[in-house]
Amino acid sequence: MAVDLLLGLQWGDEGKGKIVDVLTQNYDIIARFQGGPNAGHTLIFDGFKHVLHTIPSGIFHKTAMNVVGNGVVIDPVIFKRELENLDKHNIDYTSKLLISRKAHLILPTHRLLDAASETAKGKAKIGSTLKGIGPTYMDKTGRNGMRVGDLELENWKEKYDALTAKHISMLNYFDVQVEYNLKELEAEFCKGIDKLRTLEFIDSEEYFSNAMKQGKTILAEGAQGSLLDIDFGTYPFVTSSNTTAAGACTGLGVAPNRIGEVYGIFKAYTTRVGSGPFPTELFDEDGATMGRVGNEFGATTGRPRRCGWLDLVALKYAVDINGVTQLMMMKGDVLSGFETLKVATSYNYKGKEIKHLPYNIEPENVSVNYTEFKGWNADLTGMTTAEQLPKNLLDYIAFIEKETGVPVKIVSVGPDRKQTILM
């Protein structure tokens with residue numbers, strides 16, 4: 001059996017959580033393969049809104065097993081809060097949530113280093129969520145990190161103390177003031193560790209290998225988006241992990257030839273949280289309308305998202321580097337009411353028209369060429385079939401399919417899991 005992937009194709013916030021929730025009924029196992037609690041996957045069903053940061057989005061289905069893979073970094077404090085929120089809804093996670101021993105732990109001092117580093121950058125800050133993600137991945141690649149499996153060793157506290165002492169000494173190198181009470185932070189951290197220990201720790205690469213041999217169906221769930229990939233995103237305004245398809249192989253221990261379908265999620269327009277270049281960003285009433293109607297606020301931080309027209313140049317780039325086999329378009333309903341829609345189909349870059357994403361897309365290097373489309377006024381939120389969708393929306397979708405060479409298989413017309421149209 002193959003492992004199917006579900007990835008964001010923009011700068012994150014595409015709506016991956018909802019689609020995982022919709023698709024989970026087709027899978028035995030849902031797995032997160034990278035990122036940390038800087039992710040926020042929002043699911044809405046039965047009148048409730050649920051936001052997950054680390055736990056896979058299949059946790060609300062009774063039959064699905066959920067695995068936090070080795071490529072994920074876990075903050076025990078935030079993880080404990082997530083589990084307590086599940087307790088409120090009587091979710092039996094102890095029997096269907098597994099944690100990879102090779103996943104790295106976010107220590108309280110990782111968060112302090114993150115805050116100090118971002119503050120020291122001043123106006124050049126990258127827009128970190130200050131969750132300690134970057135410093136944790138730095139310790140991982142620097143071969144200093146603590147992993148979940150270390151909690152099963154007798155000397156885990158010694159390892160923790162040594163790494164914490166190193167972090168405290170590093171704080172002195174930043175010429176900024178960071179206020180903290182380490183004892184309070186550590187007390188909260190230890191409570192999180194206790195909660196984490198109530199779950200089963202596994203050697204996840206062996207678990208997935210055995211599951212495939214048994215014919216189990218597996219969906220790997222990415223966090224953030226392809227344009228935030230540490231290698232292929234808009235560096236340095238990126239996250240600290242590989243958000244693209246390759247990250248699923250290293251983040252779960254799955255061989256490349258075991259990858260099956262690659263589902264690519266994108267919004268009918270484009271959004272971005274935090275700093276970094278954004279060629280199609282709008283600063284007018286159209287952008288404000290997208291933000292207001294689309295409720296564009298970060299699920300993790302609450303920060304307003306920057307909004308703009310669909311960037312097909314960037315979308316095609318993400319489709320190519322991920323090997324996307326199926327597209328899923330989110331928030332088509334948000335564009336209802338626009339008389340004219342625009343899609344970026346090429347860039348002007350250093351005096352030439354190009355249709356690929358160049359090394360640098362800062363505004364001084366790139367301007368955008370648009371193709372215009374007629375909008376639609378219909379309320380899509382109650383529609384349930386492709387035949388009900390307005391012709392102008394179908395034309396919009398057909399153009400995207402033609403340009404990317406990949407079919408759009410799902411169109412989302414609202415936040416609820418029921419507001420999902422199969423094409």
# chains A, B, ... in the order shown; residues from 1 in each chain; ligands from 1
>>> select_by_dssp(residues="segment 64-300 of chain A", states="strand (DSSP E)", output="JSON, numbers by chain")
{"A": [65, 66, 67, 68, 73, 74, 97, 98, 99, 100, 104, 105, 200, 201, 202, 218, 219, 220, 221, 259, 260, 261, 262, 263, 264, 265, 266, 267, 270, 271, 272]}
>>> write_last_selection(atoms="C-alpha atoms", output="mmCIF file, in the first residue's frame")
data_model
loop_
_atom_site.group_PDB
_atom_site.id
_atom_site.type_symbol
_atom_site.label_atom_id
_atom_site.label_comp_id
_atom_site.auth_asym_id
_atom_site.auth_seq_id
_atom_site.Cartn_x
_atom_site.Cartn_y
_atom_site.Cartn_z
ATOM 1 C CA MET A 65 -5.265 5.948 14.225
ATOM 2 C CA ASN A 66 -3.287 9.176 14.508
ATOM 3 C CA VAL A 67 0.512 9.426 14.564
ATOM 4 C CA VAL A 68 2.783 12.378 15.359
ATOM 5 C CA VAL A 73 8.647 19.137 17.088
ATOM 6 C CA ILE A 74 6.446 18.884 20.177
ATOM 7 C CA LEU A 97 -2.872 8.733 19.246
ATOM 8 C CA LEU A 98 0.734 7.549 18.917
ATOM 9 C CA ILE A 99 3.949 9.572 19.237
ATOM 10 C CA SER A 100 7.225 8.872 17.454
ATOM 11 C CA HIS A 104 12.077 16.385 19.093
ATOM 12 C CA LEU A 105 10.880 18.272 22.163
ATOM 13 C CA GLU A 200 2.136 5.379 23.623
ATOM 14 C CA PHE A 201 5.575 6.117 22.171
ATOM 15 C CA ILE A 202 6.472 4.149 19.038
ATOM 16 C CA ILE A 218 -2.276 6.062 5.338
ATOM 17 C CA LEU A 219 -2.690 9.807 4.821
ATOM 18 C CA ALA A 220 0.261 12.052 5.683
ATOM 19 C CA GLU A 221 -0.799 15.549 6.743
ATOM 20 C CA ILE A 259 4.181 7.737 -2.018
ATOM 21 C CA GLY A 260 0.837 7.479 -3.827
ATOM 22 C CA GLU A 261 -1.581 10.372 -4.371
ATOM 23 C CA VAL A 262 -0.409 13.892 -3.595
ATOM 24 C CA TYR A 263 -3.334 16.151 -2.731
ATOM 25 C CA GLY A 264 -2.517 19.849 -3.124
ATOM 26 C CA ILE A 265 -4.666 22.346 -1.214
ATOM 27 C CA PHE A 266 -4.929 25.988 -2.289
ATOM 28 C CA LYS A 267 -7.233 28.939 -1.729
ATOM 29 C CA THR A 270 -3.808 33.974 -1.792
ATOM 30 C CA THR A 271 -2.996 34.871 1.814
ATOM 31 C CA ARG A 272 0.141 35.242 3.887
#
>>> residues_around(residues="Tyr235 of chain A", least_positions_apart="3", cutoff="10 Å", atoms="only C-alpha atoms", output="PDB file with all heavy atoms, in the first residue's frame")
ATOM      1  N   ILE A 126      11.491  38.036  10.878  1.00  0.00           N
ATOM      2  CA  ILE A 126      10.900  37.162   9.862  1.00  0.00           C
ATOM      3  C   ILE A 126       9.439  36.831  10.142  1.00  0.00           C
ATOM      4  O   ILE A 126       8.783  36.174   9.342  1.00  0.00           O
ATOM      5  CB  ILE A 126      11.702  35.853   9.713  1.00  0.00           C
ATOM      6  CG1 ILE A 126      11.709  35.067  11.040  1.00  0.00           C
ATOM      7  CG2 ILE A 126      13.122  36.139   9.254  1.00  0.00           C
ATOM      8  CD1 ILE A 126      12.336  33.697  10.929  1.00  0.00           C
ATOM      9  N   LEU A 227       5.282  27.208   0.096  1.00  0.00           N
ATOM     10  CA  LEU A 227       6.076  28.429  -0.060  1.00  0.00           C
ATOM     11  C   LEU A 227       6.755  28.848   1.243  1.00  0.00           C
ATOM     12  O   LEU A 227       7.468  29.852   1.287  1.00  0.00           O
ATOM     13  CB  LEU A 227       5.198  29.562  -0.598  1.00  0.00           C
ATOM     14  CG  LEU A 227       4.567  29.304  -1.971  1.00  0.00           C
ATOM     15  CD1 LEU A 227       3.729  30.495  -2.405  1.00  0.00           C
ATOM     16  CD2 LEU A 227       5.624  28.992  -3.016  1.00  0.00           C
ATOM     17  N   LEU A 228       6.548  28.044   2.304  1.00  0.00           N
ATOM     18  CA  LEU A 228       7.251  28.247   3.565  1.00  0.00           C
ATOM     19  C   LEU A 228       8.299  27.161   3.804  1.00  0.00           C
ATOM     20  O   LEU A 228       8.905  27.091   4.879  1.00  0.00           O
ATOM     21  CB  LEU A 228       6.248  28.272   4.735  1.00  0.00           C
ATOM     22  CG  LEU A 228       5.290  29.459   4.769  1.00  0.00           C
ATOM     23  CD1 LEU A 228       4.267  29.288   5.892  1.00  0.00           C
ATOM     24  CD2 LEU A 228       6.049  30.770   4.951  1.00  0.00           C
ATOM     25  N   ASP A 229       8.528  26.307   2.824  1.00  0.00           N
ATOM     26  CA  ASP A 229       9.521  25.241   2.940  1.00  0.00           C
ATOM     27  C   ASP A 229      10.909  25.839   3.169  1.00  0.00           C
ATOM     28  O   ASP A 229      11.285  26.843   2.543  1.00  0.00           O
ATOM     29  CB  ASP A 229       9.510  24.404   1.655  1.00  0.00           C
ATOM     30  CG  ASP A 229      10.454  23.219   1.718  1.00  0.00           C
ATOM     31  OD1 ASP A 229      11.652  23.379   1.377  1.00  0.00           O
ATOM     32  OD2 ASP A 229       9.990  22.135   2.102  1.00  0.00           O
ATOM     33  N   ILE A 230      11.693  25.245   4.045  1.00  0.00           N
ATOM     34  CA  ILE A 230      13.005  25.778   4.395  1.00  0.00           C
ATOM     35  C   ILE A 230      13.954  25.821   3.190  1.00  0.00           C
ATOM     36  O   ILE A 230      14.822  26.688   3.105  1.00  0.00           O
ATOM     37  CB  ILE A 230      13.634  24.954   5.554  1.00  0.00           C
ATOM     38  CG1 ILE A 230      14.937  25.576   6.054  1.00  0.00           C
ATOM     39  CG2 ILE A 230      13.846  23.512   5.151  1.00  0.00           C
ATOM     40  CD1 ILE A 230      14.798  26.908   6.694  1.00  0.00           C
ATOM     41  N   ASP A 231      13.777  24.922   2.226  1.00  0.00           N
ATOM     42  CA  ASP A 231      14.613  24.906   1.027  1.00  0.00           C
ATOM     43  C   ASP A 231      13.971  25.626  -0.156  1.00  0.00           C
ATOM     44  O   ASP A 231      14.638  26.371  -0.875  1.00  0.00           O
ATOM     45  CB  ASP A 231      14.919  23.461   0.612  1.00  0.00           C
ATOM     46  CG  ASP A 231      15.971  22.811   1.499  1.00  0.00           C
ATOM     47  OD1 ASP A 231      17.122  23.282   1.475  1.00  0.00           O
ATOM     48  OD2 ASP A 231      15.640  21.856   2.215  1.00  0.00           O
ATOM     49  N   PHE A 232      12.696  25.398  -0.369  1.00  0.00           N
ATOM     50  CA  PHE A 232      12.037  25.868  -1.591  1.00  0.00           C
ATOM     51  C   PHE A 232      11.059  27.016  -1.375  1.00  0.00           C
ATOM     52  O   PHE A 232      10.407  27.465  -2.316  1.00  0.00           O
ATOM     53  CB  PHE A 232      11.333  24.695  -2.287  1.00  0.00           C
ATOM     54  CG  PHE A 232      12.286  23.635  -2.746  1.00  0.00           C
ATOM     55  CD1 PHE A 232      12.441  22.456  -2.028  1.00  0.00           C
ATOM     56  CD2 PHE A 232      13.063  23.828  -3.872  1.00  0.00           C
ATOM     57  CE1 PHE A 232      13.342  21.483  -2.442  1.00  0.00           C
ATOM     58  CE2 PHE A 232      13.960  22.868  -4.297  1.00  0.00           C
ATOM     59  CZ  PHE A 232      14.111  21.687  -3.574  1.00  0.00           C
ATOM     60  N   VAL A 238      10.496  31.887   5.990  1.00  0.00           N
ATOM     61  CA  VAL A 238       9.981  30.525   5.859  1.00  0.00           C
ATOM     62  C   VAL A 238       9.884  29.899   7.241  1.00  0.00           C
ATOM     63  O   VAL A 238      10.261  30.495   8.239  1.00  0.00           O
ATOM     64  CB  VAL A 238      10.908  29.677   4.953  1.00  0.00           C
ATOM     65  CG1 VAL A 238      10.873  30.177   3.515  1.00  0.00           C
ATOM     66  CG2 VAL A 238      12.348  29.678   5.483  1.00  0.00           C
ATOM     67  N   THR A 239       9.401  28.661   7.281  1.00  0.00           N
ATOM     68  CA  THR A 239       9.429  27.901   8.526  1.00  0.00           C
ATOM     69  C   THR A 239      10.723  27.105   8.569  1.00  0.00           C
ATOM     70  O   THR A 239      11.577  27.232   7.688  1.00  0.00           O
ATOM     71  CB  THR A 239       8.176  27.006   8.637  1.00  0.00           C
ATOM     72  OG1 THR A 239       8.051  26.528   9.974  1.00  0.00           O
ATOM     73  CG2 THR A 239       8.221  25.845   7.656  1.00  0.00           C
ATOM     74  N   GLY A 276       7.592  38.968   4.658  1.00  0.00           N
ATOM     75  CA  GLY A 276       8.040  38.282   3.451  1.00  0.00           C
ATOM     76  C   GLY A 276       7.357  38.796   2.197  1.00  0.00           C
ATOM     77  O   GLY A 276       6.283  39.411   2.258  1.00  0.00           O
ATOM     78  N   PRO A 277       7.960  38.556   1.022  1.00  0.00           N
ATOM     79  CA  PRO A 277       7.407  39.050  -0.242  1.00  0.00           C
ATOM     80  C   PRO A 277       6.087  38.386  -0.596  1.00  0.00           C
ATOM     81  O   PRO A 277       5.850  37.227  -0.270  1.00  0.00           O
ATOM     82  CB  PRO A 277       8.500  38.692  -1.259  1.00  0.00           C
ATOM     83  CG  PRO A 277       9.205  37.525  -0.658  1.00  0.00           C
ATOM     84  CD  PRO A 277       9.196  37.772   0.824  1.00  0.00           C
ATOM     85  N   TYR A 359      14.465  33.148  -8.099  1.00  0.00           N
ATOM     86  CA  TYR A 359      15.179  33.087  -6.821  1.00  0.00           C
ATOM     87  C   TYR A 359      14.677  34.150  -5.855  1.00  0.00           C
ATOM     88  O   TYR A 359      14.539  33.887  -4.659  1.00  0.00           O
ATOM     89  CB  TYR A 359      16.678  33.256  -7.070  1.00  0.00           C
ATOM     90  CG  TYR A 359      17.527  33.285  -5.830  1.00  0.00           C
ATOM     91  CD1 TYR A 359      17.823  32.110  -5.153  1.00  0.00           C
ATOM     92  CD2 TYR A 359      18.025  34.495  -5.330  1.00  0.00           C
ATOM     93  CE1 TYR A 359      18.613  32.125  -4.006  1.00  0.00           C
ATOM     94  CE2 TYR A 359      18.816  34.517  -4.182  1.00  0.00           C
ATOM     95  CZ  TYR A 359      19.109  33.337  -3.523  1.00  0.00           C
ATOM     96  OH  TYR A 359      19.886  33.354  -2.403  1.00  0.00           O
ATOM     97  N   ASN A 360      14.387  35.335  -6.346  1.00  0.00           N
ATOM     98  CA  ASN A 360      13.998  36.441  -5.485  1.00  0.00           C
ATOM     99  C   ASN A 360      12.735  37.104  -6.018  1.00  0.00           C
ATOM    100  O   ASN A 360      12.697  37.525  -7.169  1.00  0.00           O
ATOM    101  CB  ASN A 360      15.143  37.471  -5.415  1.00  0.00           C
ATOM    102  CG  ASN A 360      14.880  38.571  -4.412  1.00  0.00           C
ATOM    103  OD1 ASN A 360      13.902  39.303  -4.529  1.00  0.00           O
ATOM    104  ND2 ASN A 360      15.745  38.717  -3.420  1.00  0.00           N
TER     105      ASN A 360
END
>>> atom_distance(atom1="atom CA of Val411 of chain A", atom2="atom CA of Leu380 of chain A")
10.3 Å
>>> closest_residue(among="A:Ile78, A:Leu312, A:Ile168, A:Val366", to="Leu196 of chain A", atoms="only C-alpha atoms")
A:Ile78
>>> residues_around(residues="Asp311 of chain A", least_positions_apart="4", cutoff="12 Å", atoms="only C-alpha atoms", output="ChimeraX atom specification")
/A:9-11,227,266-272,278-282,307,315-318,341-347,355-357,367-371,400,403-404
>>> write_last_selection(atoms="C-alpha atoms", output="PDB file, in the first residue's frame")
ATOM      1  CA  LEU A   9       0.539  24.846  -1.869  1.00  0.00           C
ATOM      2  CA  GLN A  10       0.700  28.470  -0.740  1.00  0.00           C
ATOM      3  CA  TRP A  11       1.980  30.203   2.431  1.00  0.00           C
ATOM      4  CA  LEU A 227       6.076  28.429  -0.060  1.00  0.00           C
ATOM      5  CA  PHE A 266      -4.929  25.988  -2.289  1.00  0.00           C
ATOM      6  CA  LYS A 267      -7.233  28.939  -1.729  1.00  0.00           C
ATOM      7  CA  ALA A 268      -9.131  30.512  -4.614  1.00  0.00           C
ATOM      8  CA  TYR A 269      -7.076  33.603  -3.746  1.00  0.00           C
ATOM      9  CA  THR A 270      -3.808  33.974  -1.792  1.00  0.00           C
ATOM     10  CA  THR A 271      -2.996  34.871   1.814  1.00  0.00           C
ATOM     11  CA  ARG A 272       0.141  35.242   3.887  1.00  0.00           C
ATOM     12  CA  PHE A 278       3.889  38.667  -1.640  1.00  0.00           C
ATOM     13  CA  PRO A 279       3.658  39.715  -5.330  1.00  0.00           C
ATOM     14  CA  THR A 280      -0.165  39.680  -5.623  1.00  0.00           C
ATOM     15  CA  GLU A 281      -0.894  41.323  -2.265  1.00  0.00           C
ATOM     16  CA  LEU A 282      -3.763  43.823  -2.307  1.00  0.00           C
ATOM     17  CA  CYS A 307      -4.710  38.949   1.138  1.00  0.00           C
ATOM     18  CA  LEU A 315       0.919  27.684  -7.560  1.00  0.00           C
ATOM     19  CA  LYS A 316       2.425  25.949 -10.613  1.00  0.00           C
ATOM     20  CA  TYR A 317       5.813  25.997  -8.884  1.00  0.00           C
ATOM     21  CA  ALA A 318       4.330  24.267  -5.823  1.00  0.00           C
ATOM     22  CA  LEU A 341     -11.245  38.538 -10.623  1.00  0.00           C
ATOM     23  CA  LYS A 342      -7.558  38.571 -11.411  1.00  0.00           C
ATOM     24  CA  VAL A 343      -5.024  35.738 -11.606  1.00  0.00           C
ATOM     25  CA  ALA A 344      -1.260  36.284 -11.782  1.00  0.00           C
ATOM     26  CA  THR A 345      -0.093  34.376 -14.866  1.00  0.00           C
ATOM     27  CA  SER A 346       3.443  35.748 -15.281  1.00  0.00           C
ATOM     28  CA  TYR A 347       6.017  38.039 -13.688  1.00  0.00           C
ATOM     29  CA  LYS A 355       6.308  32.187 -15.920  1.00  0.00           C
ATOM     30  CA  HIS A 356       8.371  30.476 -13.234  1.00  0.00           C
ATOM     31  CA  LEU A 357       9.127  31.437  -9.650  1.00  0.00           C
ATOM     32  CA  SER A 367       5.943  42.943 -10.923  1.00  0.00           C
ATOM     33  CA  VAL A 368       2.885  40.938 -11.881  1.00  0.00           C
ATOM     34  CA  ASN A 369       0.983  40.371 -15.130  1.00  0.00           C
ATOM     35  CA  TYR A 370      -2.652  39.439 -14.590  1.00  0.00           C
ATOM     36  CA  THR A 371      -5.354  37.627 -16.543  1.00  0.00           C
ATOM     37  CA  ILE A 400      -6.433  26.650 -13.242  1.00  0.00           C
ATOM     38  CA  GLU A 403      -2.440  25.928 -16.544  1.00  0.00           C
ATOM     39  CA  THR A 404      -1.329  23.460 -13.862  1.00  0.00           C
TER      40      THR A 404
END
>>> closest_residue(among="A:Arg306, A:Ile106, A:Leu83, A:Ala2", to="Gly291 of chain A", atoms="only C-alpha atoms")
A:Arg306
>>> residues_around(residues="Lys96 of chain A", least_positions_apart="6", cutoff="12 Å", atoms="only C-alpha atoms", output="PDB file with N, CA, C and O atoms, in the first residue's frame")
ATOM      1  N   ASP A  28      -7.047   4.542   7.290  1.00  0.00           N
ATOM      2  CA  ASP A  28      -6.888   3.892   8.593  1.00  0.00           C
ATOM      3  C   ASP A  28      -5.990   4.691   9.526  1.00  0.00           C
ATOM      4  O   ASP A  28      -6.151   4.634  10.741  1.00  0.00           O
ATOM      5  N   ILE A  29      -5.025   5.412   8.938  1.00  0.00           N
ATOM      6  CA  ILE A  29      -4.027   6.119   9.736  1.00  0.00           C
ATOM      7  C   ILE A  29      -3.825   7.526   9.178  1.00  0.00           C
ATOM      8  O   ILE A  29      -3.671   7.709   7.969  1.00  0.00           O
ATOM      9  N   ILE A  30      -3.819   8.526  10.069  1.00  0.00           N
ATOM     10  CA  ILE A  30      -3.503   9.910   9.704  1.00  0.00           C
ATOM     11  C   ILE A  30      -2.221  10.290  10.444  1.00  0.00           C
ATOM     12  O   ILE A  30      -2.101  10.067  11.648  1.00  0.00           O
ATOM     13  N   ALA A  31      -1.253  10.853   9.724  1.00  0.00           N
ATOM     14  CA  ALA A  31       0.043  11.154  10.342  1.00  0.00           C
ATOM     15  C   ALA A  31       0.499  12.571  10.039  1.00  0.00           C
ATOM     16  O   ALA A  31       0.415  13.024   8.892  1.00  0.00           O
ATOM     17  N   ILE A  55      -1.640  17.730  17.019  1.00  0.00           N
ATOM     18  CA  ILE A  55      -2.354  16.463  16.848  1.00  0.00           C
ATOM     19  C   ILE A  55      -2.935  16.374  15.439  1.00  0.00           C
ATOM     20  O   ILE A  55      -3.506  17.340  14.931  1.00  0.00           O
ATOM     21  N   PRO A  56      -2.812  15.229  14.771  1.00  0.00           N
ATOM     22  CA  PRO A  56      -3.377  15.059  13.424  1.00  0.00           C
ATOM     23  C   PRO A  56      -4.884  15.297  13.385  1.00  0.00           C
ATOM     24  O   PRO A  56      -5.592  15.044  14.376  1.00  0.00           O
ATOM     25  N   GLY A  58      -7.231  13.767  12.067  1.00  0.00           N
ATOM     26  CA  GLY A  58      -8.128  12.607  12.056  1.00  0.00           C
ATOM     27  C   GLY A  58      -8.582  12.187  13.439  1.00  0.00           C
ATOM     28  O   GLY A  58      -9.313  11.205  13.577  1.00  0.00           O
ATOM     29  N   ILE A  59      -8.198  12.938  14.458  1.00  0.00           N
ATOM     30  CA  ILE A  59      -8.457  12.523  15.838  1.00  0.00           C
ATOM     31  C   ILE A  59      -9.946  12.480  16.171  1.00  0.00           C
ATOM     32  O   ILE A  59     -10.369  11.773  17.096  1.00  0.00           O
ATOM     33  N   PHE A  60     -10.782  13.197  15.414  1.00  0.00           N
ATOM     34  CA  PHE A  60     -12.206  13.237  15.722  1.00  0.00           C
ATOM     35  C   PHE A  60     -12.983  12.078  15.104  1.00  0.00           C
ATOM     36  O   PHE A  60     -14.190  11.969  15.304  1.00  0.00           O
ATOM     37  N   HIS A  61     -12.296  11.214  14.349  1.00  0.00           N
ATOM     38  CA  HIS A  61     -12.953  10.046  13.774  1.00  0.00           C
ATOM     39  C   HIS A  61     -12.661   8.817  14.633  1.00  0.00           C
ATOM     40  O   HIS A  61     -11.518   8.571  15.024  1.00  0.00           O
ATOM     41  N   LYS A  62     -13.677   8.042  14.902  1.00  0.00           N
ATOM     42  CA  LYS A  62     -13.564   6.941  15.861  1.00  0.00           C
ATOM     43  C   LYS A  62     -12.612   5.845  15.406  1.00  0.00           C
ATOM     44  O   LYS A  62     -11.961   5.190  16.232  1.00  0.00           O
ATOM     45  N   THR A  63     -12.512   5.616  14.108  1.00  0.00           N
ATOM     46  CA  THR A  63     -11.751   4.460  13.646  1.00  0.00           C
ATOM     47  C   THR A  63     -10.316   4.766  13.252  1.00  0.00           C
ATOM     48  O   THR A  63      -9.501   3.845  13.123  1.00  0.00           O
ATOM     49  N   ALA A  64      -9.978   6.012  13.044  1.00  0.00           N
ATOM     50  CA  ALA A  64      -8.641   6.347  12.531  1.00  0.00           C
ATOM     51  C   ALA A  64      -7.599   6.385  13.643  1.00  0.00           C
ATOM     52  O   ALA A  64      -7.826   6.952  14.707  1.00  0.00           O
ATOM     53  N   MET A  65      -6.429   5.772  13.366  1.00  0.00           N
ATOM     54  CA  MET A  65      -5.265   5.948  14.225  1.00  0.00           C
ATOM     55  C   MET A  65      -4.559   7.234  13.809  1.00  0.00           C
ATOM     56  O   MET A  65      -4.542   7.582  12.627  1.00  0.00           O
ATOM     57  N   ASN A  66      -3.966   7.914  14.769  1.00  0.00           N
ATOM     58  CA  ASN A  66      -3.287   9.176  14.508  1.00  0.00           C
ATOM     59  C   ASN A  66      -1.859   9.102  15.034  1.00  0.00           C
ATOM     60  O   ASN A  66      -1.631   8.672  16.170  1.00  0.00           O
ATOM     61  N   VAL A  67      -0.898   9.536  14.202  1.00  0.00           N
ATOM     62  CA  VAL A  67       0.512   9.426  14.564  1.00  0.00           C
ATOM     63  C   VAL A  67       1.187  10.786  14.410  1.00  0.00           C
ATOM     64  O   VAL A  67       1.052  11.445  13.374  1.00  0.00           O
ATOM     65  N   VAL A  68       1.918  11.201  15.440  1.00  0.00           N
ATOM     66  CA  VAL A  68       2.783  12.378  15.359  1.00  0.00           C
ATOM     67  C   VAL A  68       4.164  11.859  14.980  1.00  0.00           C
ATOM     68  O   VAL A  68       4.812  11.168  15.763  1.00  0.00           O
ATOM     69  N   LEU A 199       0.523   8.743  26.739  1.00  0.00           N
ATOM     70  CA  LEU A 199       0.347   8.218  25.388  1.00  0.00           C
ATOM     71  C   LEU A 199       1.423   7.179  25.066  1.00  0.00           C
ATOM     72  O   LEU A 199       2.461   7.110  25.728  1.00  0.00           O
ATOM     73  N   GLU A 200       1.178   6.417  24.020  1.00  0.00           N
ATOM     74  CA  GLU A 200       2.136   5.379  23.623  1.00  0.00           C
ATOM     75  C   GLU A 200       3.197   5.965  22.694  1.00  0.00           C
ATOM     76  O   GLU A 200       2.875   6.617  21.705  1.00  0.00           O
ATOM     77  N   PHE A 201       4.462   5.723  23.027  1.00  0.00           N
ATOM     78  CA  PHE A 201       5.575   6.117  22.171  1.00  0.00           C
ATOM     79  C   PHE A 201       5.941   4.940  21.270  1.00  0.00           C
ATOM     80  O   PHE A 201       5.993   3.791  21.738  1.00  0.00           O
TER      81      PHE A 201
END
>>> residues_around(residues="Leu252 of chain A", least_positions_apart="3", cutoff="9 Å", atoms="only C-alpha atoms", output="JSON, numbers by chain")
{"A": [31, 32, 33, 34, 68, 69, 70, 71, 100, 204, 205, 208, 220, 247, 248, 249]}
>>> write_last_selection(atoms="C-alpha atoms", output="PDB file, in the first residue's frame")
ATOM      1  CA  ALA A  31       0.043  11.154  10.342  1.00  0.00           C
ATOM      2  CA  ARG A  32       1.669  14.569  10.874  1.00  0.00           C
ATOM      3  CA  PHE A  33       5.166  14.628   9.376  1.00  0.00           C
ATOM      4  CA  GLN A  34       6.668  18.071  10.130  1.00  0.00           C
ATOM      5  CA  VAL A  68       2.783  12.378  15.359  1.00  0.00           C
ATOM      6  CA  GLY A  69       5.824  11.586  13.207  1.00  0.00           C
ATOM      7  CA  ASN A  70       9.524  12.009  13.851  1.00  0.00           C
ATOM      8  CA  GLY A  71       9.702  15.203  11.746  1.00  0.00           C
ATOM      9  CA  SER A 100       7.225   8.872  17.454  1.00  0.00           C
ATOM     10  CA  SER A 204       7.178   5.179  13.835  1.00  0.00           C
ATOM     11  CA  GLU A 205       9.221   4.046  10.814  1.00  0.00           C
ATOM     12  CA  PHE A 208       4.396   2.549   9.045  1.00  0.00           C
ATOM     13  CA  ALA A 220       0.261  12.052   5.683  1.00  0.00           C
ATOM     14  CA  GLY A 247       9.432  16.155   3.965  1.00  0.00           C
ATOM     15  CA  ALA A 248       6.913  13.331   4.338  1.00  0.00           C
ATOM     16  CA  CYS A 249       9.598  10.778   3.527  1.00  0.00           C
TER      17      CYS A 249
END
>>> select_by_dssp(residues="segment 200-381 of chain A", states="alpha helix (DSSP H)", output="NGL selection string")
:A and (204-213 or 245-252 or 285-293 or 312-322)
